[in-house]
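Heads up, entry00.txt below (compact mmCIF, C-alpha atoms and all ligand atoms):
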# COMPACT_ATOMS: atom_id res chain seq x y z
CA MET V 1 53.67 5.76 -110.86
CA SER V 2 49.92 6.08 -111.14
CA ALA V 3 47.86 5.18 -114.18
CA LYS V 4 46.98 7.93 -116.65
CA VAL V 5 44.29 5.99 -118.46
CA ARG V 6 41.09 4.74 -116.84
CA LEU V 7 39.14 2.06 -118.58
CA TYR V 8 35.92 0.18 -117.95
CA VAL V 9 36.06 -3.59 -118.53
CA GLU V 10 33.50 -6.31 -117.93
CA HIS V 11 36.06 -8.82 -116.71
CA PRO V 12 36.38 -9.59 -112.95
CA LEU V 13 39.17 -7.68 -111.20
CA GLY V 14 41.23 -8.87 -108.22
CA ALA V 15 44.79 -9.43 -107.01
CA GLY V 16 46.82 -11.25 -109.69
CA GLN V 17 43.85 -11.38 -112.07
CA SER V 18 44.66 -11.35 -115.80
CA VAL V 19 42.40 -9.21 -117.93
CA PRO V 20 42.27 -9.77 -121.70
CA LEU V 21 41.52 -6.71 -123.82
CA ASP V 22 39.20 -6.62 -126.77
CA ARG V 23 40.14 -5.12 -130.11
CA ASP V 24 38.82 -1.62 -129.38
CA GLN V 25 40.53 -1.44 -126.00
CA ALA V 26 43.83 -2.68 -127.45
CA HIS V 27 43.59 -0.15 -130.27
CA TYR V 28 42.90 2.64 -127.79
CA LEU V 29 45.69 1.78 -125.34
CA PHE V 30 48.41 0.75 -127.74
CA GLY V 31 47.45 2.57 -130.94
CA VAL V 32 45.91 5.84 -129.76
CA MET V 33 47.59 6.25 -126.35
CA ARG V 34 50.84 4.61 -127.51
CA MET V 35 51.26 2.55 -124.37
CA GLY V 36 53.44 -0.55 -124.26
CA VAL V 37 54.36 -3.47 -122.02
CA GLY V 38 54.98 -2.29 -118.43
CA ALA V 39 52.63 0.72 -118.65
CA LYS V 40 50.03 1.17 -115.94
CA VAL V 41 46.29 1.36 -116.59
CA ALA V 42 43.45 1.89 -114.10
CA LEU V 43 40.59 -0.57 -114.60
CA PHE V 44 37.13 -0.73 -113.04
CA ASN V 45 34.16 -2.94 -113.83
CA GLY V 46 31.42 -1.41 -111.70
CA ARG V 47 31.69 -4.19 -109.09
CA ASP V 48 35.26 -4.65 -107.81
CA GLY V 49 36.49 -1.09 -107.29
CA GLU V 50 39.40 0.38 -109.24
CA TRP V 51 42.58 -1.60 -109.89
CA THR V 52 45.99 -0.47 -111.02
CA CYS V 53 47.06 -2.91 -113.71
CA ASP V 54 50.24 -3.55 -115.70
CA VAL V 55 50.31 -4.09 -119.42
CA VAL V 56 51.69 -7.60 -119.94
CA GLU V 57 51.02 -8.06 -123.66
CA ALA V 58 50.43 -5.28 -126.16
CA GLY V 59 49.27 -6.18 -129.65
CA LYS V 60 47.44 -4.33 -132.41
CA ARG V 61 44.22 -6.23 -131.96
CA ALA V 62 44.55 -7.74 -128.50
CA GLY V 63 46.38 -7.37 -125.22
CA LEU V 64 46.65 -8.59 -121.68
CA LEU V 65 46.72 -6.67 -118.40
CA SER V 66 47.48 -7.95 -114.93
CA CYS V 67 45.90 -6.48 -111.77
CA ALA V 68 48.57 -5.26 -109.34
CA SER V 69 46.73 -3.49 -106.52
CA GLN V 70 43.36 -2.01 -105.68
CA ALA V 71 43.45 1.77 -105.96
CA LYS V 72 39.87 2.42 -104.78
CA PRO V 73 37.14 0.28 -103.28
CA LEU V 74 33.75 0.13 -104.99
CA GLN V 75 31.85 3.26 -104.08
CA MET V 76 28.12 2.94 -104.60
CA PRO V 77 26.06 6.07 -105.26
CA PRO V 78 22.93 6.63 -103.16
CA ASP V 79 19.92 4.55 -104.22
CA LEU V 80 18.59 7.17 -106.59
CA TRP V 81 16.86 6.52 -109.91
CA LEU V 82 16.52 9.14 -112.60
CA LEU V 83 13.35 8.86 -114.69
CA PHE V 84 13.23 11.12 -117.71
CA ALA V 85 11.35 11.35 -120.98
CA PRO V 86 13.79 11.06 -123.90
CA ILE V 87 14.11 14.22 -125.98
CA LYS V 88 16.34 14.93 -128.98
CA LYS V 89 19.32 12.61 -129.34
CA ALA V 90 22.09 14.95 -128.24
CA ARG V 91 20.09 16.17 -125.23
CA THR V 92 19.16 12.63 -124.24
CA ASP V 93 22.85 11.66 -124.42
CA PHE V 94 23.61 14.67 -122.24
CA ILE V 95 21.06 13.63 -119.60
CA VAL V 96 22.50 10.11 -119.36
CA GLU V 97 26.08 11.40 -119.17
CA LYS V 98 25.20 13.92 -116.46
CA ALA V 99 23.12 11.41 -114.49
CA ALA V 100 26.13 9.08 -114.34
CA GLU V 101 28.41 11.93 -113.24
CA MET V 102 25.93 13.20 -110.67
CA GLY V 103 25.62 9.82 -109.00
CA ALA V 104 22.41 8.18 -110.19
CA ALA V 105 22.22 4.47 -109.38
CA ARG V 106 19.83 3.69 -112.25
CA ILE V 107 18.60 5.58 -115.29
CA LEU V 108 15.11 4.89 -116.61
CA PRO V 109 13.94 6.49 -119.85
CA VAL V 110 10.16 6.72 -119.69
CA GLN V 111 7.57 7.44 -122.33
CA THR V 112 5.00 9.99 -121.24
CA GLU V 113 1.96 11.24 -123.15
CA PHE V 114 3.90 14.13 -124.67
CA THR V 115 7.23 12.34 -125.16
CA ASN V 116 8.63 13.13 -128.59
CA SER V 117 10.40 9.86 -129.27
CA ASP V 118 9.09 6.32 -128.99
CA ARG V 119 12.48 4.65 -129.34
CA ILE V 120 15.90 4.87 -127.73
CA ARG V 121 19.20 3.17 -128.41
CA GLN V 122 19.69 1.57 -125.02
CA ASP V 123 23.16 0.22 -125.92
CA ARG V 124 24.37 3.67 -126.97
CA LEU V 125 23.00 5.29 -123.84
CA GLN V 126 24.64 2.61 -121.70
CA ALA V 127 27.94 3.32 -123.48
CA HIS V 128 27.54 7.03 -122.57
CA ALA V 129 27.08 6.06 -118.93
CA VAL V 130 30.28 3.97 -119.08
CA GLU V 131 32.23 6.83 -120.66
CA ALA V 132 30.98 9.26 -118.04
CA ALA V 133 32.08 6.90 -115.26
CA GLU V 134 35.51 6.49 -116.88
CA GLN V 135 35.92 10.22 -117.03
CA CYS V 136 34.59 11.20 -113.59
CA GLY V 137 36.52 8.67 -111.54
CA GLY V 138 33.44 6.70 -110.52
CA THR V 139 33.80 3.01 -109.73
CA TYR V 140 30.11 2.31 -110.40
CA VAL V 141 28.20 2.46 -113.69
CA PRO V 142 24.47 3.13 -113.54
CA ASP V 143 22.33 0.73 -115.49
CA VAL V 144 20.30 2.32 -118.30
CA ALA V 145 16.93 0.59 -118.66
CA GLU V 146 14.98 0.09 -121.87
CA LEU V 147 12.29 2.68 -122.64
CA GLN V 148 9.10 1.95 -120.68
CA LYS V 149 5.73 3.66 -120.46
CA LEU V 150 5.52 5.93 -117.43
CA GLY V 151 2.10 4.50 -116.58
CA ARG V 152 3.55 0.99 -116.52
CA VAL V 153 6.43 2.07 -114.27
CA LEU V 154 3.96 3.70 -111.87
CA ASP V 155 1.75 0.57 -111.88
CA HIS V 156 4.68 -1.33 -110.36
CA TRP V 157 6.11 1.47 -108.25
CA PRO V 158 7.97 0.08 -105.19
CA SER V 159 6.07 0.99 -102.04
CA ASP V 160 9.13 2.35 -100.22
CA ARG V 161 10.67 4.36 -103.09
CA GLN V 162 10.04 8.09 -102.73
CA LEU V 163 9.49 10.11 -105.90
CA MET V 164 10.71 13.66 -106.43
CA PHE V 165 8.22 14.75 -109.05
CA CYS V 166 9.51 17.84 -110.84
CA ASP V 167 6.33 19.53 -111.96
CA GLU V 168 6.64 22.60 -114.15
CA ALA V 169 3.14 23.62 -113.04
CA GLU V 170 4.66 24.27 -109.61
CA VAL V 171 6.84 27.05 -111.01
CA GLY V 172 7.45 29.65 -108.35
CA ASN V 173 6.29 27.46 -105.49
CA ALA V 174 8.95 26.83 -102.93
CA LEU V 175 10.97 23.66 -103.00
CA GLU V 176 9.70 21.15 -100.54
CA LEU V 177 11.56 17.94 -99.99
CA ALA V 178 10.13 16.32 -96.91
CA ALA V 179 13.30 14.36 -96.40
CA ASP V 180 13.14 13.96 -92.65
CA ALA V 181 10.17 11.66 -93.00
CA HIS V 182 12.18 9.25 -95.18
CA PRO V 183 15.79 9.35 -94.04
CA ASP V 184 17.01 6.06 -95.54
CA ALA V 185 14.44 5.52 -98.24
CA PRO V 186 15.37 4.83 -101.85
CA TRP V 187 14.40 7.70 -104.11
CA ALA V 188 13.70 8.57 -107.74
CA ILE V 189 13.55 11.83 -109.65
CA LEU V 190 11.06 12.34 -112.47
CA ILE V 191 11.64 14.88 -115.25
CA GLY V 192 9.10 15.39 -118.02
CA PRO V 193 9.53 15.96 -121.76
CA GLU V 194 9.66 19.27 -123.65
CA GLY V 195 5.88 19.22 -123.80
CA GLY V 196 5.57 18.79 -120.04
CA PHE V 197 3.15 16.44 -118.29
CA SER V 198 -0.49 15.92 -119.28
CA GLU V 199 -3.27 16.71 -116.82
CA ASN V 200 -3.93 12.98 -116.41
CA GLU V 201 -0.32 12.25 -115.59
CA ARG V 202 -0.17 15.18 -113.21
CA LYS V 203 -3.29 13.98 -111.41
CA ARG V 204 -1.89 10.47 -111.06
CA LEU V 205 1.52 11.69 -109.88
CA HIS V 206 0.01 14.08 -107.35
CA GLY V 207 -2.08 11.20 -106.02
CA LEU V 208 0.83 8.80 -105.59
CA ALA V 209 1.55 8.31 -101.88
CA GLN V 210 5.33 8.32 -102.44
CA SER V 211 5.26 11.49 -104.51
CA HIS V 212 6.93 14.74 -103.42
CA VAL V 213 6.02 17.54 -105.79
CA VAL V 214 8.96 19.86 -106.34
CA SER V 215 9.53 23.16 -108.09
CA LEU V 216 12.87 23.89 -109.71
CA GLY V 217 12.54 27.64 -109.36
CA PRO V 218 10.70 30.48 -111.02
CA ARG V 219 11.78 29.71 -114.60
CA ILE V 220 10.85 26.79 -116.85
CA LEU V 221 13.99 24.80 -117.49
CA ARG V 222 14.69 22.61 -120.48
CA ALA V 223 14.46 18.95 -119.59
CA ASP V 224 18.25 18.46 -119.70
CA THR V 225 18.85 21.45 -117.44
CA ALA V 226 16.03 20.32 -115.16
CA ALA V 227 17.61 16.86 -114.79
CA VAL V 228 20.93 18.31 -113.64
CA ALA V 229 19.26 20.88 -111.37
CA ALA V 230 17.05 18.24 -109.76
CA MET V 231 19.94 15.89 -109.14
CA THR V 232 21.95 18.72 -107.60
CA LEU V 233 19.11 19.56 -105.24
CA TRP V 234 18.55 15.97 -104.29
CA GLN V 235 22.23 15.18 -103.75
CA LYS V 236 22.69 18.28 -101.63
CA ASN V 237 19.62 17.60 -99.47
CA LEU V 238 19.48 13.82 -99.26
CA GLY V 239 22.45 12.35 -101.10
CA ASP V 240 26.20 11.95 -100.70
CA TRP V 241 27.37 15.56 -101.21
N1 LIG F 301 6.57 22.61 -121.92
C1 LIG F 301 6.47 22.70 -120.52
C2 LIG F 301 7.83 22.66 -119.87
C3 LIG F 301 8.51 21.34 -119.85
S1 LIG F 301 10.09 21.49 -119.18
C4 LIG F 301 5.84 24.03 -120.14
O1 LIG F 301 6.03 24.99 -120.88
O2 LIG F 301 5.21 24.09 -119.10
C5 LIG F 301 10.58 19.81 -119.06
C6 LIG F 301 10.53 19.19 -117.68
O3 LIG F 301 11.50 19.80 -116.85
C7 LIG F 301 9.23 19.36 -116.94
O4 LIG F 301 8.28 18.37 -117.30
C8 LIG F 301 9.66 19.24 -115.49
O5 LIG F 301 9.82 17.89 -115.09
C9 LIG F 301 11.01 19.90 -115.51
N2 LIG F 301 10.96 21.33 -115.13
C10 LIG F 301 11.40 22.36 -115.89
N3 LIG F 301 11.28 23.53 -115.21
C11 LIG F 301 10.77 23.22 -113.99
C12 LIG F 301 10.45 23.99 -112.83
N4 LIG F 301 10.64 25.31 -112.76
N5 LIG F 301 9.96 23.33 -111.74
C13 LIG F 301 9.76 22.00 -111.79
N6 LIG F 301 10.05 21.23 -112.85
C14 LIG F 301 10.55 21.82 -113.94
Could you express the structure from this file as structure tokens?
Amino acid sequence: MSAKVRLYVEHPLGAGQSVPLDRDQAHYLFGVMRMGVGAKVALFNGRDGEWTCDVVEAGKRAGLLSCASQAKPLQMPPDLWLLFAPIKKARTDFIVEKAAEMGAARILPVQTEFTNSDRIRQDRLQAHAVEAAEQCGGTYVPDVAELQKLGRVLDHWPSDRQLMFCDEAEVGNALELAADAHPDAPWAILIGPEGGFSENERKRLHGLAQSHVVSLGPRILRADTAAVAAMTLWQKNLGDW
């Protein structure tokens, strides 16, 4: 019998390993899902793959699972970062959720000149990434970084990491991803805010040696749509699709 519920835990997973549940997890499994001792649950922690586990103790506020067998090895996504400027709360949540589903390795909210918000709830965004991984069958959870200034991120840009710069000013210009020149390089995608990029930012990004300026077609997309479209393009051309 395979497990119907998939849960992220922080605890190490391995053959014979016992995994204590916290209050919320116990409430979810035994209160909401009405599971009891002997039920099977799939666990993953982002490091040890997915494990089929048996419920050993089921209480209202606590519980214990035991790892029986590994159902999936850890599957890492390609080394792709998604950089985006946070927009309204629901749309920012959407971007993080979709980035986790689409196989980003790391999610970096960045503050650009025209970014609307100067604050994010990193813990909430990280929780969205966990939920997305639970739901999409992923064994890896992308890390969501704290909000940083784009300029700062570019100051320390890794010399080998290629950047797919989605520039709305390129609207209508053909997509060009010079992938062949960087077959195994790590990559990042950059999506701007609702207000787009400033001329200064654009100048700097066009001048960056690792930058590949990309158009996402003849229409201006909202930032959340642009993030999904860009990740689709990248995954199809250079990723694990
Ligand atoms: N207000 C801006 C649009 C910003 S859209 C304007 O009217 O020009 C938000 C972000 O999505 C952009 O900064 C860019 O990164 C991305 N984007 C949207 N449509 C795009 C397109 N057709 N080509 C490239 N990038 C696009």
Exercise for review: Within 9 Å of region 205-208 of chain V, counting all atoms listed in the file, which residues show up once you throw out same-chain ones fewer than 5 positions away? Write them as a VMD selection string, please.
Suggested key: chain V and resid 154 163 165 200 213
Exercise for review: Compare V:Phe197, V:Trp157, V:Trp187, V:Phe114 by their minimum atom-to-atom distance to ligand LIG 301 (chain F), counting all atoms listed in the file, and give me the closest one.
Suggested key: V:Phe197
Point to revise | Test item: residues no farther than 8 Å from ligand LIG 301 (chain F), counting only C-alpha atoms and all ligand atoms, as JSON, numbers by chain | key: {"V": [165, 166, 167, 168, 169, 170, 171, 172, 190, 191, 192, 193, 194, 195, 196, 197, 214, 215, 216, 217, 218, 219, 220, 221, 222, 223, 224, 225, 226, 227]}
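Near Glu97 (chain V), within a cut-off of 7 Å and counting only C-alpha atoms, sit the residues V:Asp93, V:Phe94, V:Ile95, V:Ala99, V:Ala100, V:Glu101, V:His128, V:Ala129, V:Ala132, with same-chain residues fewer than 2 positions away left out.
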Study note, to complete from the structure: Here CA of Leu64 (chain V) and CA of Gly49 (chain V) stand apart by 19.1 Å
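Taking all atoms listed in the file into account, the polymer residues that have an atom no farther than 12 Å from (51.4, -9.6, -124.5) are Ser18, Val19, Pro20, Leu21, Ala26, Phe30, Gly36, Val37, Gly38, Ala39, Asp54, Val55, Val56, Glu57, Ala58, Gly59, Lys60, Arg61, Ala62, Gly63, Leu64, Leu65 and Ser66 of chain V.
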Practice item. Fewer than 6 positions away in the same chain doesn't count, so skip those; otherwise give me all residues within 12 Å of Asp123 (chain V), counting all atoms listed in the file, as a list in words. Key: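 The residues that qualify are Asp93, Val96, Ala129, Val130, Asp143, Val144, Ala145, Glu146 and Leu147 of chain V.
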Point to revise | Coordinates-based distance that separates CA of Leu7 (chain V) from CA of Tyr140 (chain V) (Å, one decimal) | key: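 Interatomic distance here is 12.2 Å.
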Exercise for review: Identify which of the residues V:Trp81, V:Pro158, V:Gly138, V:Gln126 lies closest to Gly239 (chain V), counting only C-alpha atoms when measuring atom-to-atom distances.
Suggested key: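 Closest candidate: V:Trp81.
Among the candidates V:Pro73, V:Pro12, V:Pro183, V:Gly103, the residue lying nearest to Ala133 (chain V) is V:Gly103 (atoms considered: all atoms listed in the file).
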Check your understanding: Hey, which of V:Ser69, V:Gln210, V:Gln162, V:Asn45 ends up closest to Thr139 (chain V)? Count all atoms listed in the file.
Key ->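 Under the stated criterion, the closest residue is V:Asn45.
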Check your understanding: V:Pro78, V:Arg121, V:Gly151, V:Asp240: which is nearest Pro186 (chain V), counting only C-alpha atoms?
Key -> V:Pro78
Exercise for review: Considering only C-alpha atoms, state which residue in the set V:Ala85, V:Ala42, V:Leu238, V:Val110 is at the smallest distance from Gln135 (chain V).
Suggested key: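 Using only C-alpha atoms, Gln135 (chain V) sits closest to V:Ala42.
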Show me, as lines of an AutoDock Vina configuration file, the centre and edge lengths in Å to one decimal of the axis-aligned box that covers every listed atom of region 145-156 of chain V with 5 Å on each side.
center_x = 9.3
center_y = 2.3
center_z = -116.5
size_x = 25.2
size_y = 17.3
size_z = 22.3
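Across the structure, CA of Thr232 (chain V) and CA of Asp79 (chain V) are spaced 14.7 Å apart.
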Check your understanding: Counting all atoms listed in the file, what is within 9 Å of Leu13 (chain V), bar same-chain residues fewer than 2 positions away, as a PyMOL selection string?
Key -> chain V and resi 9-11+15-19+43-45+47-51+67+70
Kindly reconstruct region 135-146 of chain V with all heavy atoms and present the result as a short mmCIF file (atom, residue, chain, number, x, y, z; two decimals), keeping the file's coordinate frame.
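Below is the file that was written, result_16.cif:
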data_model
loop_
_atom_site.label_atom_id
_atom_site.label_comp_id
_atom_site.auth_asym_id
_atom_site.auth_seq_id
_atom_site.Cartn_x
_atom_site.Cartn_y
_atom_site.Cartn_z
N GLN V 135 35.38 8.87 -117.07
CA GLN V 135 35.92 10.22 -117.03
C GLN V 135 35.82 10.84 -115.63
O GLN V 135 36.71 11.59 -115.24
CB GLN V 135 35.17 11.04 -118.09
CG GLN V 135 35.45 12.51 -118.13
CD GLN V 135 34.52 13.26 -117.21
OE1 GLN V 135 33.34 12.94 -117.13
NE2 GLN V 135 35.02 14.23 -116.50
N CYS V 136 34.78 10.49 -114.86
CA CYS V 136 34.59 11.20 -113.59
C CYS V 136 35.19 10.47 -112.39
O CYS V 136 35.03 10.91 -111.25
CB CYS V 136 33.11 11.52 -113.35
SG CYS V 136 32.14 10.11 -112.83
N GLY V 137 35.85 9.36 -112.64
CA GLY V 137 36.52 8.67 -111.54
C GLY V 137 35.60 7.77 -110.74
O GLY V 137 36.00 7.25 -109.70
N GLY V 138 34.38 7.58 -111.22
CA GLY V 138 33.44 6.70 -110.52
C GLY V 138 33.85 5.24 -110.65
O GLY V 138 34.49 4.86 -111.63
N THR V 139 33.50 4.44 -109.66
CA THR V 139 33.80 3.01 -109.73
C THR V 139 32.53 2.22 -110.02
O THR V 139 32.54 1.00 -110.06
CB THR V 139 34.41 2.51 -108.41
OG1 THR V 139 33.59 2.98 -107.34
CG2 THR V 139 35.82 3.02 -108.23
N TYR V 140 31.42 2.93 -110.17
CA TYR V 140 30.11 2.31 -110.40
C TYR V 140 29.54 2.85 -111.71
O TYR V 140 29.72 4.03 -112.03
CB TYR V 140 29.19 2.69 -109.23
CG TYR V 140 27.77 2.24 -109.41
CD1 TYR V 140 27.40 0.95 -109.10
CD2 TYR V 140 26.80 3.11 -109.91
CE1 TYR V 140 26.09 0.52 -109.28
CE2 TYR V 140 25.49 2.69 -110.09
CZ TYR V 140 25.15 1.40 -109.77
OH TYR V 140 23.86 0.98 -109.95
N VAL V 141 28.86 2.01 -112.45
CA VAL V 141 28.20 2.46 -113.69
C VAL V 141 26.70 2.25 -113.56
O VAL V 141 26.26 1.11 -113.36
CB VAL V 141 28.71 1.67 -114.92
CG1 VAL V 141 28.02 2.15 -116.19
CG2 VAL V 141 30.22 1.79 -115.06
N PRO V 142 25.92 3.32 -113.64
CA PRO V 142 24.47 3.13 -113.54
C PRO V 142 23.94 2.34 -114.73
O PRO V 142 24.41 2.51 -115.85
CB PRO V 142 23.91 4.55 -113.52
CG PRO V 142 24.98 5.42 -114.08
CD PRO V 142 26.28 4.73 -113.82
N ASP V 143 22.96 1.52 -114.46
CA ASP V 143 22.33 0.73 -115.49
C ASP V 143 21.31 1.62 -116.21
O ASP V 143 20.55 2.34 -115.57
CB ASP V 143 21.63 -0.43 -114.75
CG ASP V 143 20.79 -1.25 -115.66
OD1 ASP V 143 21.37 -1.84 -116.57
OD2 ASP V 143 19.56 -1.31 -115.44
N VAL V 144 21.31 1.58 -117.54
CA VAL V 144 20.30 2.32 -118.30
C VAL V 144 19.24 1.31 -118.75
O VAL V 144 19.56 0.35 -119.46
CB VAL V 144 20.90 3.02 -119.54
CG1 VAL V 144 19.82 3.81 -120.28
CG2 VAL V 144 22.05 3.94 -119.14
N ALA V 145 18.01 1.53 -118.33
CA ALA V 145 16.93 0.59 -118.66
C ALA V 145 16.42 0.84 -120.08
O ALA V 145 16.69 1.88 -120.68
CB ALA V 145 15.80 0.75 -117.66
N GLU V 146 15.68 -0.11 -120.60
CA GLU V 146 14.98 0.09 -121.87
C GLU V 146 13.84 1.09 -121.64
O GLU V 146 13.35 1.24 -120.52
CB GLU V 146 14.39 -1.24 -122.37
CG GLU V 146 15.41 -2.23 -122.89
CD GLU V 146 15.99 -1.83 -124.26
OE1 GLU V 146 15.55 -0.81 -124.84
OE2 GLU V 146 16.90 -2.54 -124.72
#
